[in-house]
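**Student:** Structure: data_12.tsv, TSV, C-alpha atoms.
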```
chain	number	residue	atom	x	y	z
A	1	MET	CA	-43.10	-87.48	83.05
A	2	SER	CA	-40.96	-88.94	85.78
A	3	PHE	CA	-41.70	-89.76	89.38
A	4	PRO	CA	-39.25	-90.05	92.26
A	5	ARG	CA	-38.05	-93.57	92.96
A	6	ALA	CA	-39.96	-95.64	95.55
A	7	ASN	CA	-36.73	-96.72	97.26
A	8	ALA	CA	-36.59	-93.28	98.84
A	9	LEU	CA	-39.48	-94.48	101.00
A	10	GLY	CA	-37.72	-97.71	101.87
A	11	ASN	CA	-40.56	-99.90	100.59
A	12	GLU	CA	-38.88	-102.85	98.93
A	13	SER	CA	-41.60	-105.42	99.74
A	14	ILE	CA	-43.72	-104.67	96.68
A	15	SER	CA	-40.93	-103.65	94.29
A	16	GLY	CA	-40.33	-107.19	93.05
A	17	ILE	CA	-44.03	-107.69	92.29
A	18	CYS	CA	-45.18	-104.52	90.61
A	19	PRO	CA	-43.02	-103.13	87.78
A	20	LEU	CA	-44.52	-99.68	88.34
A	21	SER	CA	-43.43	-99.71	92.00
A	22	LYS	CA	-40.18	-97.98	91.11
A	23	TYR	CA	-42.24	-94.79	90.90
A	24	ARG	CA	-43.33	-93.27	94.20
A	25	PHE	CA	-47.01	-93.01	93.18
A	26	PHE	CA	-47.22	-96.73	92.45
A	27	ASP	CA	-45.47	-98.05	95.54
A	28	GLY	CA	-47.47	-99.93	98.15
A	29	SER	CA	-47.38	-97.37	100.93
A	30	THR	CA	-48.66	-94.51	98.76
A	31	LEU	CA	-51.48	-96.60	97.30
A	32	LYS	CA	-52.33	-97.86	100.78
A	33	LYS	CA	-52.52	-94.30	102.13
A	34	LEU	CA	-54.63	-93.20	99.16
A	35	LEU	CA	-57.02	-96.13	99.66
A	36	GLU	CA	-57.27	-95.45	103.39
A	37	LEU	CA	-57.90	-91.74	102.79
A	38	LEU	CA	-60.47	-92.24	100.04
A	39	CYS	CA	-62.45	-95.13	101.53
A	40	GLY	CA	-62.08	-93.86	105.09
A	41	THR	CA	-63.37	-90.42	104.13
A	42	ILE	CA	-66.34	-91.85	102.23
A	43	ALA	CA	-67.28	-94.26	105.04
A	44	GLY	CA	-66.75	-91.62	107.72
A	45	ALA	CA	-68.82	-89.01	105.89
A	46	ALA	CA	-71.66	-91.49	105.35
A	47	LEU	CA	-71.57	-92.53	109.01
A	48	PHE	CA	-71.60	-88.88	110.07
A	49	GLY	CA	-74.56	-88.35	107.74
A	50	ILE	CA	-76.42	-91.22	109.41
A	51	MET	CA	-75.68	-89.71	112.80
A	52	LEU	CA	-76.96	-86.24	111.78
A	53	LEU	CA	-80.02	-87.69	110.06
A	54	THR	CA	-80.91	-89.77	113.11
A	55	PHE	CA	-80.37	-86.83	115.46
A	56	PHE	CA	-82.59	-84.48	113.45
A	57	ASP	CA	-85.20	-87.16	112.78
A	58	VAL	CA	-85.54	-88.07	116.46
A	59	SER	CA	-85.44	-84.40	117.53
A	60	GLY	CA	-88.10	-83.54	114.99
A	61	ARG	CA	-90.34	-86.34	116.17
A	62	LYS	CA	-89.84	-85.47	119.83
A	63	PHE	CA	-90.12	-81.68	119.70
A	64	LEU	CA	-92.04	-80.91	116.51
A	65	SER	CA	-94.10	-84.11	116.20
A	66	HIS	CA	-92.81	-84.43	112.64
A	67	SER	CA	-90.09	-86.79	111.39
A	68	ILE	CA	-87.92	-86.32	108.30
A	69	THR	CA	-89.63	-87.73	105.22
A	70	GLY	CA	-87.68	-90.68	103.81
A	71	SER	CA	-85.24	-90.91	106.69
A	72	LEU	CA	-85.38	-94.72	106.61
A	73	GLU	CA	-84.49	-94.78	102.90
A	74	LEU	CA	-81.65	-92.33	103.41
A	75	THR	CA	-80.32	-94.35	106.34
A	76	GLU	CA	-80.43	-97.55	104.26
A	77	LEU	CA	-78.54	-95.93	101.39
A	78	LEU	CA	-75.96	-94.40	103.71
A	79	MET	CA	-75.48	-97.79	105.43
A	80	VAL	CA	-74.70	-99.28	102.01
A	81	VAL	CA	-72.06	-96.59	101.55
A	82	VAL	CA	-70.55	-97.19	105.01
A	83	ILE	CA	-70.38	-100.98	104.59
A	84	PHE	CA	-69.00	-101.08	101.07
A	85	ALA	CA	-66.56	-98.18	101.56
A	86	ALA	CA	-65.17	-99.89	104.66
A	87	LEU	CA	-64.83	-103.30	102.93
A	88	PRO	CA	-61.52	-102.51	101.17
A	89	LEU	CA	-60.11	-101.16	104.45
A	90	VAL	CA	-61.12	-104.28	106.37
A	91	SER	CA	-59.42	-106.43	103.74
A	92	LEU	CA	-56.34	-104.20	103.57
A	93	LYS	CA	-55.81	-104.35	107.32
A	94	GLY	CA	-56.79	-108.02	107.65
A	95	GLU	CA	-59.56	-107.31	110.15
A	96	HIS	CA	-61.76	-110.23	109.13
A	97	VAL	CA	-62.97	-112.87	111.55
A	98	VAL	CA	-60.52	-115.76	111.20
A	99	PHE	CA	-60.86	-119.39	112.27
A	100	ASP	CA	-57.30	-120.31	113.20
A	101	SER	CA	-57.64	-123.29	115.54
A	102	LEU	CA	-55.45	-125.46	113.34
A	103	ASP	CA	-52.78	-122.86	112.57
A	104	ALA	CA	-50.65	-123.91	115.53
A	105	PHE	CA	-50.41	-127.41	114.08
A	106	LEU	CA	-49.64	-126.41	110.49
A	107	PRO	CA	-46.12	-125.82	109.20
A	108	ALA	CA	-45.29	-122.29	108.06
A	109	TRP	CA	-45.17	-123.26	104.37
A	110	VAL	CA	-48.69	-124.71	104.55
A	111	ARG	CA	-49.98	-121.53	106.21
A	112	LYS	CA	-48.39	-119.45	103.43
A	113	ILE	CA	-50.10	-121.54	100.75
A	114	GLN	CA	-53.36	-121.44	102.70
A	115	GLN	CA	-53.23	-117.63	102.98
A	116	ALA	CA	-52.45	-117.22	99.27
A	117	LEU	CA	-55.33	-119.52	98.29
A	118	ILE	CA	-57.75	-117.74	100.61
A	119	HIS	CA	-56.80	-114.37	99.12
A	120	ILE	CA	-57.07	-115.68	95.54
A	121	VAL	CA	-60.51	-117.24	96.15
A	122	SER	CA	-61.68	-114.10	97.96
A	123	ALA	CA	-60.42	-111.94	95.08
A	124	ALA	CA	-62.18	-114.09	92.49
A	125	LEU	CA	-65.47	-114.04	94.39
A	126	LEU	CA	-65.34	-110.29	95.04
A	127	ILE	CA	-64.43	-109.46	91.45
A	128	GLY	CA	-67.24	-111.73	90.23
A	129	LEU	CA	-69.65	-110.02	92.61
A	130	ALA	CA	-68.38	-106.62	91.42
A	131	TYR	CA	-69.16	-107.58	87.84
A	132	LEU	CA	-72.69	-108.69	88.75
A	133	MET	CA	-73.35	-105.53	90.78
A	134	TRP	CA	-72.04	-103.29	88.02
A	135	LYS	CA	-74.23	-105.12	85.49
A	136	THR	CA	-77.29	-104.86	87.77
A	137	GLY	CA	-76.61	-101.16	88.34
A	138	GLY	CA	-76.53	-100.67	84.57
A	139	GLU	CA	-79.85	-102.46	84.20
A	140	PHE	CA	-81.32	-100.32	86.98
A	141	ALA	CA	-80.08	-97.19	85.20
A	142	ILE	CA	-81.81	-98.27	81.98
A	143	THR	CA	-85.10	-99.10	83.72
A	144	GLY	CA	-84.92	-96.02	85.97
A	145	GLU	CA	-85.24	-97.98	89.23
A	146	THR	CA	-85.70	-95.64	92.21
A	147	THR	CA	-86.40	-95.86	95.92
A	148	ALA	CA	-90.07	-95.99	96.90
A	149	GLN	CA	-90.54	-92.78	98.86
A	150	LEU	CA	-87.87	-90.27	97.81
A	151	LYS	CA	-87.42	-91.55	94.24
A	152	ILE	CA	-83.61	-91.62	94.56
A	153	THR	CA	-81.99	-93.47	91.66
A	154	LYS	CA	-80.57	-96.81	92.82
A	155	ALA	CA	-78.10	-97.34	89.96
A	156	PRO	CA	-75.23	-95.19	91.31
A	157	PHE	CA	-75.37	-96.94	94.67
A	158	ILE	CA	-75.34	-100.42	93.14
A	159	GLN	CA	-72.55	-99.53	90.73
A	160	GLY	CA	-70.63	-97.97	93.62
A	161	MET	CA	-71.04	-101.21	95.54
A	162	GLY	CA	-69.66	-103.05	92.52
A	163	LEU	CA	-66.72	-100.68	92.22
A	164	LEU	CA	-65.83	-101.06	95.90
A	165	CYS	CA	-66.20	-104.87	95.72
A	166	GLY	CA	-63.84	-104.86	92.74
A	167	LEU	CA	-61.38	-102.70	94.66
A	168	THR	CA	-61.58	-105.11	97.59
A	169	GLY	CA	-60.95	-108.00	95.19
A	170	LEU	CA	-57.82	-106.24	93.93
A	171	VAL	CA	-56.64	-105.78	97.53
A	172	HIS	CA	-56.99	-109.53	98.10
A	173	LEU	CA	-55.26	-110.30	94.79
A	174	ILE	CA	-52.28	-108.13	95.76
A	175	LYS	CA	-52.16	-109.62	99.27
A	176	ALA	CA	-52.09	-113.13	97.76
A	177	PHE	CA	-48.64	-112.43	96.30
A	178	LEU	CA	-47.10	-110.41	99.11
A	179	PRO	CA	-44.86	-112.11	101.66
A	180	ILE	CA	-46.64	-113.03	104.89
A	181	ASP	CA	-45.48	-111.39	108.09
A	182	GLU	CA	-45.44	-114.18	110.66
A	183	ASN	CA	-45.67	-111.70	113.54
A	184	ALA	CA	-48.69	-109.86	112.16
A	185	SER	CA	-52.13	-110.78	113.38
A	186	GLU	CA	-54.62	-111.47	110.60
A	187	GLY	CA	-58.15	-110.67	111.69
A	188	GLY	CA	-60.09	-111.31	114.82
A	189	THR	CA	-59.82	-114.94	115.81
A	190	VAL	CA	-62.55	-117.36	116.73
```
For the structure just supplied, provide its representation as structure tokens.
**Tutor:**
Amino acid sequence: MSFPRANALGNESISGICPLSKYRFFDGSTLKKLLELLCGTIAGAALFGIMLLTFFDVSGRKFLSHSITGSLELTELLMVVVIFAALPLVSLKGEHVVFDSLDAFLPAWVRKIQQALIHIVSAALLIGLAYLMWKTGGEFAITGETTAQLKITKAPFIQGMGLLCGLTGLVHLIKAFLPIDENASEGGTV
């Protein structure tokens, strides 16, 4: 099975790093779009679900004197989905809060090393956290851990959190080895 070459897209920045990047599916821009579509859709759908749930819960309390049973639990679970689905996107776009007071005084080569180290440490921590969450989710699946009121199984949510943390770790690992664009802004500054 063959794929069209990535050079047709003009994306040479990742081609020296990833041997599979010569195929269009594996080039950086296609994977980036896929990640944005997948995580953005999941986070957006969960946020929309929170909005609908809150609207109907408040309307029910106001007009029918009856709220939706378990709405707090559902909101908590949907918030987990929003936060962890958005995490890879935040890392991909570099939208973290950044302390850059010393950057003006550091030479460019030091900033490049600093950025690479930050991404490597972030990747290691996120992948380690992903492993722990996946393991905990497995333990919860064995014990049958559920939420208190609606008895929703917690394991898929915790394993999903682990999966998305691992994906975020991979984003940081890839960014550690990509060239740094000096003109790009990395995160919100403090």
**Student:** With only C-alpha atoms as the atoms that count, which of A:Ile83, A:Met161, A:Ile50, A:Ala176 lies nearest to A:Leu129?
**Tutor:**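 The answer is A:Met161, which sits nearest to A:Leu129.
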**Student:** Nearest residue to A:Glu36 out of A:Thr54, A:Thr75, A:Ser59, A:Ser91, using all atoms listed in the file?
**Tutor:**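 Among the listed residues, A:Ser91 lies closest to A:Glu36.
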**Student:** Write out, as a tab-separated table, each residue of stretch 116-179 of chain A that has an atom at most 10 Å from stretch 65-74 of chain A, together with the closest pair of atoms and their distance in Å to one decimal, counting all atoms listed in the file, rows going by chain and rising number.
**Tutor:**
```
residue	atom	partner	partner_atom	distance
A:Thr147	CA	A:Glu73	CA	7.3
A:Ala148	CA	A:Glu73	CA	8.3
A:Gln149	CA	A:Gly70	CA	6.1
A:Leu150	CA	A:Gly70	CA	6.0
A:Lys151	CA	A:Gly70	CA	9.6
A:Ile152	CA	A:Glu73	CA	9.0
```
**Student:** From the set A:Leu35, A:Leu64, A:Leu173, A:Met79, which residue has the shortest atom-to-atom contact distance to A:Gly49, counting all atoms listed in the file?
**Tutor:**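 For A:Gly49, the nearest of the given residues is A:Met79.
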**Student:** Just give me the gap between atom CA of A:Gln115 and atom CA of A:Phe84 in Å, one decimal is fine.
**Tutor:** 22.9 Å
**Student:** Let me know the centre plus edge lengths, in Å and rounded to one decimal, of a box with edges along x, y and z that contains all listed atoms of stretch 51-68 of chain A and is padded by 4 Å on every side, as JSON.
**Tutor:**
```
{"center_x": -84.9, "center_y": -85.3, "center_z": 114.1, "size_x": 26.4, "size_y": 16.9, "size_z": 19.5}
```
**Student:** Would you mind reading off the distance between atom CA of A:Glu95 and atom CA of A:Leu132, one decimal, in Å?
**Tutor:** 25.1 Å
**Student:** In Å, with one decimal, what is the gap from atom CA of A:Gln114 to atom CA of A:Gly128?
**Tutor:**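 So the two atoms, atom CA of A:Gln114 and atom CA of A:Gly128, lie 21.0 Å apart.
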